[in-house]
Structures are given as structure tokens and as C-alpha cells.
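As provided, start.cif (mmCIF, C-alpha atoms) reads as follows.
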data_final
loop_
_atom_site.label_atom_id
_atom_site.label_comp_id
_atom_site.auth_asym_id
_atom_site.auth_seq_id
_atom_site.Cartn_x
_atom_site.Cartn_y
_atom_site.Cartn_z
CA VAL A 412 -68.65 -54.80 40.01
CA ASN A 413 -70.22 -56.31 36.89
CA ASP A 414 -72.34 -54.08 34.61
CA LEU A 415 -71.51 -50.87 36.45
CA GLN A 416 -72.60 -47.58 34.91
CA ILE A 417 -71.94 -44.22 36.62
CA THR A 418 -73.65 -41.07 35.34
CA SER A 419 -73.44 -38.35 38.02
CA LEU A 420 -71.86 -37.40 41.34
CA ASN A 421 -72.41 -34.70 43.95
CA ASN A 422 -70.02 -32.54 45.95
CA ASP A 423 -69.72 -35.28 48.60
CA SER A 424 -68.59 -37.70 45.86
CA VAL A 425 -71.75 -39.79 46.20
CA PHE A 426 -72.73 -41.02 42.74
CA THR A 427 -75.66 -42.57 40.94
CA GLY A 428 -76.04 -44.80 37.91
CA SER A 429 -76.81 -48.51 37.75
CA ILE A 430 -75.44 -51.92 38.67
CA ASN A 431 -76.84 -54.89 36.76
CA ASP A 432 -79.50 -52.58 35.25
CA LYS A 433 -80.74 -51.43 38.67
CA MET A 434 -80.50 -47.77 39.69
CA VAL A 435 -78.10 -47.31 42.62
CA ILE A 436 -76.77 -44.63 44.93
CA CYS A 437 -73.16 -45.41 45.90
CA SER A 438 -69.92 -44.06 47.29
CA GLU A 439 -66.50 -45.78 47.15
CA ASN A 440 -67.72 -49.36 46.70
CA ILE A 441 -70.61 -48.93 49.16
CA VAL A 442 -74.11 -49.31 47.71
CA HIS A 443 -76.39 -47.12 49.82
CA HIS A 444 -79.56 -47.93 47.90
CA SER A 445 -80.71 -50.01 44.92
CA VAL A 446 -84.03 -49.66 43.07
CA ASP A 447 -85.23 -53.26 42.72
CA SER A 448 -88.94 -52.67 42.05
CA LEU A 449 -88.43 -52.14 38.30
CA ASN A 450 -86.93 -54.51 35.74
CA GLU A 451 -84.54 -51.83 34.53
CA SER A 452 -83.62 -48.43 35.97
CA LEU A 453 -80.80 -45.90 35.68
CA GLY A 454 -79.94 -42.93 37.89
CA PHE A 455 -79.28 -39.69 35.98
CA PHE A 456 -78.68 -37.04 38.66
CA ILE A 457 -77.90 -36.69 42.36
CA THR A 458 -78.01 -33.46 44.38
CA ASP A 459 -75.69 -32.34 47.17
CA SER A 460 -78.51 -33.10 49.62
CA GLY A 461 -78.56 -36.71 48.37
CA ILE A 462 -81.77 -36.69 46.29
CA ALA A 463 -81.35 -38.88 43.20
CA ALA A 464 -83.49 -39.00 40.05
CA GLY A 465 -83.60 -41.65 37.36
CA ILE A 466 -85.68 -43.42 34.72
CA GLY A 467 -87.02 -46.96 35.01
CA SER A 468 -89.16 -49.42 33.07
CA ASN A 469 -90.74 -52.83 33.40
CA SER A 470 -90.86 -53.70 29.71
CA VAL A 471 -89.94 -52.47 26.24
CA LEU A 472 -92.47 -50.02 24.73
CA GLN A 473 -94.19 -49.46 28.08
CA ASP A 474 -94.30 -45.92 29.47
CA ASP A 475 -91.16 -44.98 31.38
CA LYS A 476 -91.21 -44.32 35.13
CA LEU A 477 -89.66 -41.33 36.86
CA VAL A 478 -87.74 -42.56 39.93
CA ILE A 479 -86.99 -40.21 42.84
CA VAL A 480 -84.92 -41.52 45.78
CA ASP A 481 -84.51 -39.37 48.89
CA PRO A 482 -81.47 -39.60 51.21
CA SER A 483 -83.25 -42.07 53.50
CA GLY A 484 -83.77 -44.45 50.57
CA GLU A 485 -87.51 -43.83 50.31
CA THR A 486 -88.43 -44.23 46.63
CA LEU A 487 -91.14 -42.46 44.65
CA ILE A 488 -92.10 -43.82 41.22
CA GLU A 489 -94.35 -41.85 38.83
CA ASN A 490 -95.53 -42.84 35.35
CA ILE A 491 -94.48 -40.60 32.44
CA ASP A 492 -97.66 -40.86 30.39
CA GLY A 493 -97.15 -41.38 26.66
CA SER A 494 -93.37 -41.79 26.85
CA GLY A 495 -93.42 -45.32 25.46
CA GLY A 496 -89.82 -46.02 26.46
CA TRP A 497 -88.29 -42.84 24.97
CA ALA A 498 -87.86 -40.62 28.04
CA SER A 499 -84.69 -39.11 29.49
CA LEU A 500 -83.83 -36.55 32.16
CA THR A 501 -81.91 -33.32 31.56
CA GLY A 502 -81.80 -31.52 34.91
CA ILE A 503 -82.43 -31.45 38.65
CA ASN A 504 -82.25 -28.71 41.29
CA GLN A 505 -81.23 -28.96 44.93
CA TYR A 506 -84.84 -29.35 46.04
CA GLY A 507 -85.34 -32.47 43.91
CA SER A 508 -87.44 -30.93 41.12
CA VAL A 509 -86.61 -32.67 37.84
CA ILE A 510 -87.02 -31.94 34.13
CA GLY A 511 -86.88 -34.25 31.15
CA ASN A 512 -88.20 -34.97 27.67
CA TYR A 513 -89.49 -37.80 25.54
CA SER A 514 -89.74 -38.17 21.79
CA GLY A 515 -92.12 -39.86 19.39
CA GLY A 516 -89.72 -42.76 18.95
CA SER A 517 -86.48 -43.69 17.22
CA GLY A 518 -85.36 -40.92 14.87
CA SER A 519 -88.22 -38.63 15.86
CA SER A 520 -87.60 -34.91 16.39
CA GLU A 521 -90.96 -34.33 18.05
CA TRP A 522 -90.23 -33.64 21.70
CA ILE A 523 -92.49 -33.32 24.72
CA ALA A 524 -90.99 -31.71 27.83
CA PHE A 525 -92.03 -32.32 31.42
CA ILE A 526 -91.25 -31.11 34.93
CA TYR A 527 -91.63 -32.97 38.21
CA THR A 528 -92.09 -31.14 41.51
CA ALA A 529 -92.95 -32.63 44.90
CA GLN A 530 -95.96 -30.28 45.05
CA PHE A 531 -97.56 -31.01 41.68
CA GLY A 532 -95.99 -34.25 40.44
CA ILE A 533 -95.35 -34.53 36.68
CA GLN A 534 -96.59 -31.68 34.48
CA PHE A 535 -96.09 -31.45 30.72
CA ILE A 536 -94.68 -28.35 29.03
CA ASN A 537 -96.18 -27.71 25.61
CA PRO A 538 -96.64 -23.96 25.09
CA ALA A 539 -97.66 -23.91 21.42
CA ASN A 540 -98.91 -27.51 21.09
CA ASP A 541 -96.09 -28.08 18.61
CA GLY A 542 -93.56 -29.67 20.94
CA ALA A 543 -91.01 -28.39 23.43
CA TYR A 544 -87.65 -29.39 24.92
CA ALA A 545 -86.38 -28.66 28.45
CA PHE A 546 -82.63 -28.18 29.02
CA ALA A 547 -82.26 -26.70 32.52
CA ILE A 548 -84.10 -26.00 35.77
CA SER A 549 -83.35 -23.22 38.24
CA GLU A 550 -83.49 -23.42 42.03
CA ASN A 551 -86.92 -21.75 41.98
CA ASN A 552 -88.30 -24.33 39.46
CA GLN A 553 -88.09 -22.14 36.36
CA VAL A 554 -87.40 -24.19 33.22
CA ALA A 555 -85.22 -23.17 30.24
CA GLY A 556 -85.53 -24.72 26.79
CA TYR A 557 -87.27 -24.13 23.48
CA PHE A 558 -90.65 -24.64 21.88
CA GLU A 559 -91.49 -25.26 18.25
CA TYR A 560 -93.43 -22.55 16.43
CA GLY A 561 -94.08 -23.52 12.85
CA ASN A 562 -90.65 -24.28 11.41
CA GLN A 563 -88.79 -22.26 14.02
CA LEU A 564 -87.27 -23.17 17.38
CA ARG A 565 -87.78 -20.36 19.90
CA ALA A 566 -85.99 -20.01 23.25
CA MET A 567 -88.37 -20.04 26.20
CA THR A 568 -88.69 -20.16 29.96
CA TYR A 569 -91.53 -21.84 31.80
CA PHE A 570 -92.65 -21.17 35.36
CA TYR A 571 -95.67 -22.91 36.94
CA GLY A 572 -97.79 -22.85 33.81
CA VAL A 573 -96.59 -19.48 32.52
CA TRP A 574 -94.18 -19.54 29.59
CA THR A 575 -92.16 -16.69 28.12
CA ASP A 576 -91.13 -16.51 24.47
CA LEU A 577 -87.56 -15.23 24.86
CA SER A 578 -87.14 -15.09 21.09
CA GLN A 579 -89.89 -12.47 20.93
CA GLU A 580 -88.85 -10.77 24.17
CA LEU A 581 -85.27 -10.21 22.97
CA GLY A 582 -85.98 -9.71 19.28
CA LEU A 583 -84.10 -12.84 18.18
CA LYS A 584 -84.48 -13.55 14.46
CA GLY A 585 -83.08 -17.06 14.09
CA ASN A 586 -83.61 -20.43 15.72
CA SER A 587 -82.80 -20.17 19.41
CA GLN A 588 -82.54 -22.26 22.58
CA ALA A 589 -82.33 -21.38 26.28
CA ARG A 590 -79.74 -23.82 27.66
CA TYR A 591 -78.65 -23.00 31.25
CA PHE A 592 -79.31 -20.96 34.39
CA ASP A 593 -76.58 -19.54 36.58
CA GLU A 594 -76.84 -18.92 40.32
CA ASN A 595 -78.10 -15.36 39.66
CA ASN A 596 -80.93 -16.76 37.51
CA ARG A 597 -79.44 -15.50 34.26
CA VAL A 598 -80.44 -17.57 31.22
CA PHE A 599 -77.85 -18.71 28.68
CA ILE A 600 -79.19 -18.51 25.10
CA ILE A 601 -77.80 -19.70 21.77
CA GLU A 602 -79.23 -18.20 18.56
CA TYR A 603 -78.48 -19.49 15.04
CA PHE A 604 -78.92 -16.68 12.50
CA LYS A 605 -77.45 -16.30 8.99
CA GLY A 606 -74.78 -18.91 9.73
CA TYR A 607 -73.66 -17.29 13.01
CA LEU A 608 -74.05 -18.90 16.43
CA ASN A 609 -74.67 -16.04 18.85
CA CYS A 610 -74.21 -16.89 22.56
CA MET A 611 -75.47 -14.62 25.32
CA TRP A 612 -76.59 -14.41 28.95
CA TYR A 613 -79.98 -12.82 29.58
CA ASP A 614 -80.37 -11.21 33.01
CA GLN A 615 -84.06 -11.57 33.79
CA VAL A 616 -83.90 -9.26 36.82
CA ILE A 617 -82.63 -6.15 35.04
CA ASP A 618 -83.76 -7.18 31.53
CA THR A 619 -80.26 -6.97 30.06
CA VAL A 620 -78.39 -9.11 27.53
CA VAL A 621 -74.67 -9.83 28.06
CA PRO A 622 -73.05 -10.93 24.76
CA VAL A 623 -70.67 -13.86 25.25
CA HIS A 624 -69.38 -14.80 21.79
CA SER A 625 -70.51 -15.01 18.17
CA PHE A 626 -69.20 -18.01 16.25
CA PRO A 627 -68.92 -17.36 12.49
CA PRO A 628 -70.12 -19.55 9.60
CA GLY A 629 -67.96 -22.64 9.31
CA THR A 630 -68.36 -23.49 13.01
CA TYR A 631 -69.43 -27.12 13.44
CA SER A 632 -70.41 -29.36 16.37
CA LEU A 633 -70.50 -26.51 18.89
CA SER A 634 -70.80 -27.92 22.41
CA THR A 635 -71.34 -25.78 25.52
CA THR A 636 -71.37 -26.32 29.26
CA CYS A 637 -71.86 -23.79 32.07
CA SER A 638 -70.98 -23.53 35.75
CA PRO A 639 -73.33 -22.22 38.45
CA SER A 640 -71.12 -19.12 38.67
CA GLY A 641 -71.92 -18.24 35.04
CA GLN A 642 -68.71 -19.31 33.33
CA VAL A 643 -69.09 -21.06 29.96
CA ALA A 644 -66.89 -23.62 28.18
CA PHE A 645 -67.05 -24.24 24.42
CA SER A 646 -65.70 -26.89 22.07
CA TRP A 647 -66.14 -26.85 18.30
CA THR A 648 -64.59 -27.70 14.93
CA THR A 649 -63.95 -25.24 12.11
CA PHE A 650 -64.42 -25.78 8.38
CA ASP A 651 -60.77 -26.86 8.05
CA GLY A 652 -61.30 -29.73 10.50
CA GLN A 653 -59.38 -28.11 13.36
CA PRO A 654 -60.65 -28.66 16.94
CA HIS A 655 -61.05 -25.73 19.32
CA LEU A 656 -61.57 -25.28 23.05
CA ALA A 657 -62.44 -22.04 24.84
CA ARG A 658 -64.08 -20.62 27.95
CA TRP A 659 -65.73 -17.34 28.94
CA SER A 660 -66.28 -15.54 32.23
CA ASP A 661 -67.56 -12.11 33.23
CA MET A 662 -64.09 -11.29 34.56
CA ASN A 663 -61.81 -12.62 31.82
CA GLY A 664 -64.03 -12.60 28.75
CA PHE A 665 -63.42 -15.13 25.95
CA GLU A 666 -60.24 -17.25 26.24
CA GLU A 667 -59.25 -19.87 23.68
CA SER A 668 -56.88 -22.69 24.60
CA SER A 669 -53.85 -23.85 22.67
CA LEU A 670 -54.36 -27.53 21.89
CA PRO A 671 -51.58 -30.14 21.61
CA GLU A 672 -51.02 -31.30 18.02
CA GLU A 673 -52.04 -34.87 18.79
CA ILE A 674 -55.65 -33.83 19.52
CA LEU A 675 -57.93 -34.54 16.54
CA GLY A 676 -61.13 -33.55 18.32
CA ILE A 677 -62.21 -32.46 21.78
CA SER A 678 -65.45 -32.06 23.71
CA ALA A 679 -65.96 -29.84 26.77
CA ASN A 680 -67.87 -32.12 29.18
CA ALA A 681 -68.10 -30.07 32.38
CA LEU A 682 -66.96 -26.83 34.01
CA SER A 683 -66.32 -26.09 37.68
CA SER A 684 -67.08 -22.74 39.29
CA GLU A 685 -63.40 -21.89 39.56
CA GLY A 686 -62.97 -22.37 35.80
CA THR A 687 -61.52 -25.86 35.35
CA VAL A 688 -62.81 -27.55 32.18
CA ALA A 689 -63.10 -31.35 31.99
CA CYS A 690 -62.81 -32.65 28.42
CA THR A 691 -62.63 -35.85 26.42
CA ALA A 692 -60.31 -35.74 23.40
CA ILE A 693 -59.72 -37.95 20.36
CA ILE A 694 -56.00 -38.61 20.00
CA LYS A 695 -54.05 -39.49 16.86
CA PRO A 696 -52.80 -41.69 15.38
CA SER A 697 -54.90 -44.41 17.04
CA TYR A 698 -58.12 -42.37 17.37
CA HIS A 699 -58.56 -43.30 21.03
CA ASN A 700 -60.25 -41.24 23.76
CA GLU A 701 -58.35 -39.55 26.57
CA ALA A 702 -59.65 -37.50 29.50
CA PHE A 703 -58.15 -34.00 29.61
CA VAL A 704 -58.28 -31.20 32.18
CA TRP A 705 -57.87 -27.49 31.38
CA GLU A 706 -57.18 -25.73 34.66
CA ASN A 707 -58.32 -22.17 35.23
CA ASN A 708 -54.85 -20.61 35.12
CA SER A 709 -53.33 -22.73 32.34
CA LEU A 710 -52.84 -22.13 28.63
CA PHE A 711 -53.83 -25.60 27.44
CA PRO A 712 -55.35 -28.86 28.68
CA TYR A 713 -53.33 -31.90 29.74
CA SER A 714 -54.12 -35.61 29.73
CA ILE A 715 -54.80 -37.16 33.13
CA ASN A 716 -53.98 -40.73 32.01
CA ASN A 717 -50.62 -40.54 33.78
CA TYR A 718 -52.44 -39.96 37.08
CA LEU A 719 -54.70 -43.02 36.73
CA PRO A 720 -53.71 -46.49 37.98
CA ASN A 721 -51.77 -48.54 35.41
CA ASN A 722 -51.48 -45.50 33.10
CA PRO A 723 -54.27 -46.66 30.75
CA ASN A 724 -54.34 -45.86 27.05
CA THR A 725 -57.99 -44.78 26.88
CA SER A 726 -60.15 -42.77 29.26
CA GLN A 727 -63.11 -40.42 29.24
CA ILE A 728 -64.78 -37.88 31.53
CA ILE A 729 -68.12 -39.10 32.88
CA ALA A 730 -69.05 -36.31 35.31
CA MET A 731 -67.56 -33.46 37.34
CA HIS A 732 -69.14 -31.72 40.31
CA ASP A 733 -68.91 -28.00 40.95
CA ALA A 734 -65.86 -28.28 43.24
CA GLY A 735 -63.87 -30.01 40.49
CA ASN A 736 -63.77 -33.71 41.47
CA MET A 737 -64.40 -35.99 38.49
CA ILE A 738 -65.55 -39.47 37.63
CA VAL A 739 -63.27 -40.86 34.91
CA ARG A 740 -63.88 -44.11 33.05
CA SER A 741 -61.21 -46.32 31.52
CA GLY A 742 -62.50 -49.57 30.03
CA ASN A 743 -64.75 -51.12 32.66
CA ASP A 744 -63.09 -49.22 35.52
CA TYR A 745 -64.26 -45.95 37.08
CA PHE A 746 -62.01 -43.61 39.06
CA LEU A 747 -62.68 -40.65 41.30
CA PHE A 748 -60.16 -38.04 40.18
CA GLU A 749 -59.82 -35.50 43.00
CA SER A 750 -59.15 -31.92 42.07
CA HIS A 751 -56.35 -29.87 43.58
CA CYS A 752 -55.16 -26.32 43.27
CA SER A 753 -52.34 -26.24 40.71
CA THR A 754 -50.47 -23.67 42.85
CA ASP A 755 -50.43 -26.09 45.81
CA LEU A 756 -47.23 -27.75 44.61
CA ASN A 757 -46.68 -29.99 47.65
CA LYS A 758 -50.41 -30.88 47.88
CA ASP A 759 -50.70 -30.01 51.59
CA GLY A 760 -53.87 -27.96 51.13
CA LEU A 761 -52.14 -24.59 51.62
CA ILE A 762 -50.41 -22.17 49.29
CA ASN A 763 -47.42 -20.79 51.18
CA VAL A 764 -43.62 -20.46 51.25
CA SER A 765 -43.14 -24.22 50.84
CA ASP A 766 -44.69 -24.02 47.38
CA ILE A 767 -42.48 -21.06 46.43
CA LEU A 768 -39.37 -23.02 47.46
CA LEU A 769 -40.42 -25.91 45.24
CA LEU A 770 -40.98 -23.53 42.35
CA LEU A 771 -37.59 -21.85 42.84
CA ASP A 772 -35.95 -25.27 42.85
CA ALA A 773 -37.27 -25.81 39.30
CA TRP A 774 -36.71 -22.20 38.17
CA SER A 775 -35.89 -21.62 34.47
CA SER A 776 -36.26 -25.29 33.65
CA SER A 777 -38.43 -26.54 30.78
CA PRO A 778 -40.18 -29.39 32.52
CA SER A 779 -42.18 -32.25 31.12
CA GLU A 780 -45.96 -31.97 30.81
CA SER A 781 -46.53 -33.55 34.21
CA CYS A 782 -44.21 -31.20 36.15
CA SER A 783 -46.30 -29.39 38.71
CA ALA A 784 -43.95 -26.38 38.95
CA ASP A 785 -44.92 -25.23 35.45
CA ILE A 786 -48.28 -24.00 36.74
CA ASN A 787 -49.44 -22.15 33.64
CA GLN A 788 -48.03 -24.91 31.41
CA ASP A 789 -46.21 -22.55 29.05
CA GLY A 790 -43.16 -24.83 28.95
CA ILE A 791 -40.94 -23.00 31.43
CA VAL A 792 -40.93 -22.28 35.17
CA SER A 793 -40.79 -18.51 35.40
CA ILE A 794 -42.26 -15.32 36.86
CA GLY A 795 -45.69 -16.18 35.48
CA ASP A 796 -45.86 -19.26 37.70
CA LEU A 797 -44.61 -17.30 40.73
CA LEU A 798 -47.32 -14.67 40.27
CA LEU A 799 -50.00 -17.38 40.20
CA ILE A 800 -48.78 -18.71 43.58
CA ILE A 801 -48.81 -15.20 45.07
CA ASP A 802 -52.30 -14.56 43.67
CA SER A 803 -53.71 -17.64 45.46
CA TRP A 804 -51.62 -17.21 48.65
CA GLY A 805 -53.06 -18.88 51.73
CA ASP A 806 -55.96 -20.60 49.97
CA CYS A 807 -56.87 -23.96 51.44
CA ILE A 808 -58.24 -26.79 49.31
#

Let me see the structure of the file written as C-alpha cells.
Amino acid sequence: VNDLQITSLNNDSVFTGSINDKMVICSENIVHHSVDSLNESLGFFITDSGIAAGIGSNSVLQDDKLVIVDPSGETLIENIDGSGGWASLTGINQYGSVIGNYSGGSGSSEWIAFIYTAQFGIQFINPANDGAYAFAISENNQVAGYFEYGNQLRAMTYFYGVWTDLSQELGLKGNSQARYFDENNRVFIIEYFKGYLNCMWYDQVIDTVVPVHSFPPGTYSLSTTCSPSGQVAFSWTTFDGQPHLARWSDMNGFEESSLPEEILGISANALSSEGTVACTAIIKPSYHNEAFVWENNSLFPYSINNYLPNNPNTSQIIAMHDAGNMIVRSGNDYFLFESHCSTDLNKDGLINVSDILLLLDAWSSSPSESCSADINQDGIVSIGDLLLIIDSWGDCI
């Protein structure tokens, strides 16, 4: 397909993006729907129920259009007043409510946030008349983001016209942003204060803060992504230029990965509910991109290039749904990379005695990176790998 761009997929591996600058909903070379009523359009998100949302336009500098396509292909187009060609979408929930933002133009830091619901259409979010940015939307249409107050960014939530200043509510002293919701409606907040980046979950139901991690001064390019289950993945660079990758969960706390020496930089792109992190890394000495996966029971991430057709040199993660399947791009080609349980050594969908026999056959060996028997990827097949199989016994993928 010429001019193919994929941006998002759902748990049924139906994806959205564009073909020849027209928003499409597709699956495995089948185009289910194309938005042809606008000169240009691009799908940003698609839900598990098949509702897709995108942005379209008829001409440069004209206001952008919000495009909503339901599973039957019926298309709704609404004007985003004042956007002037600078709008983008940042979130969607399973009911098809959408959030996004637009700026004052190229290089502008003045943001206006908006929410679309089937009941009220597009509504603008501007709590202090100084600008606001929306990052996430919950299943009950609550919005997380920040608003500008003087020279300060303050974390906020917004719910049907009522906004809450989380910075004031929680006594935050620095610039702050509300970035994600989890399935229990906790809000993930990042505060920058005196050089520290303080990350926390705020439980709105019981009015409690759960500290996640505090990154010290000298932390650069911090990137975060969260799963619906409330796990968090981080990537960052320290003052000495070293890349870092970590994740956090309520059960295991903060875990940092060991990174292969050839990685010059890495970005955590997505996180599944079982803890697998999808990343894109910069590899030396050629400074090319490679897609990496850090599985939930492993010590470090591994490149998935060897699993792609023709073993390409470059690749990158485009999207990953909650169950762990990924869209990977290499050049002009896109691949659906299907997840599997690393303890399912024979890939039959069950963890049982057959997998133990395969592990015992490789016992005490120091396999190559791609050897499936080294489940925790510590360089040797040993008791640690056996315990991981026992821990996931009987699970079916």
C-alpha cells in the first residue's frame, strides 16, 4: 500500500491511520472504511468496540475537523473552532469520548484543550483563561491535564464543566501535570520542584497519594507511559549521557532494567497490563532505531528485529494494545508483532510439562539472546527460569 501510516490498534488488532492521506480503519490488508469527504484526514485512536477518532482538514490554515467513525462506518465530522490547522488528539475512552488540544501556531506554547462527547459535542477546557492541555480521559469522561496559572503549570482534572486544581488540593509546590488515569480512576501526576521530578498516583476515591518515584536533578528527557492496571514505565537520560529504562507497579515497586551496551538511547513507547514494555532504542555505532521488548519477568529488553521478516536493520514501535500485540514499522513496511508468554516455550498456548522438558534440555547452558529457554534473560538457563514456569503454570495465551 502506498502512503500507508498506522497510528493505533485495538485488542482485536484492528488499526487506524491513513492511506493516501485518507483516514482508514483496517485489519490485515482489509480496508473496512475510508474517510473520503475531507481532503486530508488521519486516524489517531480506535477503541476495542471499533470506534475510531481522527483529525481532518480541507485546506491549510482552515479549522481542523474532528472525525468520529463508528463500527458501522457512519462518520461524524465536527469543526474544531479556532484550531486553524494546529489540532491533535491525545485520548479516547471506550465510549468514544475524545480529548485533544490545539496551539496558537508553529512554535506556540499557548494551548487550548477540548473534549468531545456524543451528548454535548465539542466543549473547550479553559479553567483560568490562560490556556490548558488535556493528556488523558477516563471511562466516565473525566479529563486529566494541566492549566496555566500565571507562570506556573498546575495539574488539574475536569469533569462536565467542573475543574479541580490538583496542585492546590495536594499542596504541590512546583510545576505539575496530570498525565494518566488507571482503571480504578487514580490520576498519575508528575511534579517538577527544585530540580526533582516527583511521580505519584492520586487516589481520588480515598484522597490518598501513592509515591511512585522521585528522579533527582540531572534527569533529562523523562518519558512515561502507563497501563490501565496502573503500572508505569519510564525512560530517561542522566547527566552523564547514560540511557535508563524502568517500570513500577503496586506489587513490585520500582524496577530498573539493565541495558545492553550498544543502546545509546531508549524510549518507553507503551506498556501492557501484564508489564511488558515496548521501546524504541538508538543503537551504536550506526545510530539506527530498533524496536525492543522488555518482558515482565526479564532483566533487560531484547531487540525484535530477528523476529521480523528479512531481519531488517531498522525498526520502531508504533503502537501496542493492552494485551501486548504491537504494530512495528520497518522502512515502509508495518508488521503485527503478536505477544506470547515467555514461559510458553513451545508456543502452544499452555504452560505445562512440555515447557519444563524443553527448559531441562537447555539446562545450565548460556544461550544466545534469542534462546527462549533463558526466560529471565540472565544469560543462563537455571532455577530462576524454572520458577517462572511454575509460577505461570496452566496459563493459556

Contacts of region 516-520 of chain A at 12 Å or less, counting all atoms listed in the file, minus same-chain residues fewer than 3 places along, as a PyMOL selection string?
chain A and resi 472+474+493-498+512-513+523+541-544+559+564

Wanna dump the region 642-739 of chain A-region 425-437 of chain A contacts at 12 Å for me, each residue with its shortest atom pair and the distance in Å to one decimal, counting all atoms listed in the file, ordered by chain and number, as CSV?
residue,atom,partner,partner_atom,distance
A:Ile729,CA,A:Gly428,CA,11.0
A:Ala730,CA,A:Phe426,CA,9.5
A:Met731,CA,A:Phe426,CA,10.6
A:His732,CA,A:Phe426,CA,10.3
A:Asn736,CA,A:Val425,CA,11.1
A:Met737,CA,A:Phe426,CA,10.6
A:Ile738,CA,A:Phe426,CA,8.9

Write out as a VMD selection string the residues lying within 8 Å of Pro622 (chain A), counting all atoms listed in the file and excluding same-chain residues fewer than 6 positions away.
chain A and resid 609 to 612

Take the residues that were just selected and, keeping C-alpha atoms, output them as a JSON list (two decimals), keeping the file's coordinate frame.
[["chain", "number", "residue", "atom", "x", "y", "z"],
["A", 609, "ASN", "CA", -74.67, -16.04, 18.85],
["A", 610, "CYS", "CA", -74.21, -16.89, 22.56],
["A", 611, "MET", "CA", -75.47, -14.62, 25.32],
["A", 612, "TRP", "CA", -76.59, -14.41, 28.95]]

Report the residues retrieved by the PyMOL selection byres ((chain A and resi 605) around 12) from the displayed file, expressed as number ranges by chain.
A: 583-586, 602-604, 606-609, 625-629

Nearest to Thr648 (chain A), restricted to all atoms listed in the file and choosing among A:Gln473, A:Ser632, A:Asn663, A:Gln579, comes out as A:Ser632

Give, as JSON, the centre coordinates and the x, y and z edge lengths in Å to one decimal for an axis-aligned box around all listed atoms of region 754-766 of chain A, padded by 4 Å on each side.
{"center_x": -48.5, "center_y": -25.7, "center_z": 47.2, "size_x": 18.7, "size_y": 18.4, "size_z": 16.8}

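As for CA of Ser765 (chain A) and CA of Val704 (chain A), they are spaced 25.0 Å apart.
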
Using only C-alpha atoms, pick whichever of A:Arg597, A:His655, A:His443, A:Lys695 has the shortest atom-to-atom distance to Asp614 (chain A).
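Nearest candidate to Asp614 (chain A) out of A:Arg597, A:His655, A:His443, A:Lys695: A:Arg597.
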
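With all atoms listed in the file as the atoms that count, the residue of A:Ala784, A:Val623, A:Ala681, A:Ala702 with the shortest distance to Asn717 (chain A) is A:Ala702.
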
With a cut-off of 10 Å, could you pull out the residues of region 663-708 of chain A touching region 649-653 of chain A and give me the nearest pair of atoms for each, distance in Å to one decimal, using all atoms listed in the file, ordered by chain and ascending number, as a Markdown table?
| residue | atom | partner | partner_atom | distance |
| --- | --- | --- | --- | --- |
| A:Leu670 | CA | A:Gln653 | CA | 9.9 |
| A:Ile674 | CA | A:Gln653 | CA | 9.2 |
| A:Leu675 | CA | A:Gln653 | CA | 7.3 |
| A:Gly676 | CA | A:Gln653 | CA | 7.6 |
| A:Ile677 | CA | A:Gln653 | CA | 9.9 |

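Between CA of Val509 (chain A) and CA of Ile548 (chain A) there is a distance of 7.4 Å.
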
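Within 8 Å of Leu656 (chain A), once all atoms listed in the file are used and residues closer than 4 positions along the same chain are dropped, the contacting residues are Ala644, Phe645, Ser646, Trp647, Glu667, Ser668, Ser669, Leu670, Ile677, Ser678 and Ala679 of chain A.
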
Option closest in space to Thr619 (chain A), from A:Glu706, A:Glu439, A:Asp766, A:Glu580 [counting all atoms listed in the file]
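Selected residue with least distance to Thr619 (chain A): A:Glu580.
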
Any idea what the distance is between CA of Thr458 (chain A) and CA of Val573 (chain A)?
26.1 Å

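With distances restricted to only C-alpha atoms, A:Ile510 is the closest residue to Thr528 (chain A) from A:Ile791, A:Leu756, A:Ala463, A:Ile510.
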
Identify, on the basis of only C-alpha atoms, every residue whose closest approach to Pro696 (chain A) does not exceed 10 Å; exclude the query and any residue fewer than 2 positions from it along the same chain; express the result as a ChimeraX atom specification.
/A:673-675,693-694,698-699
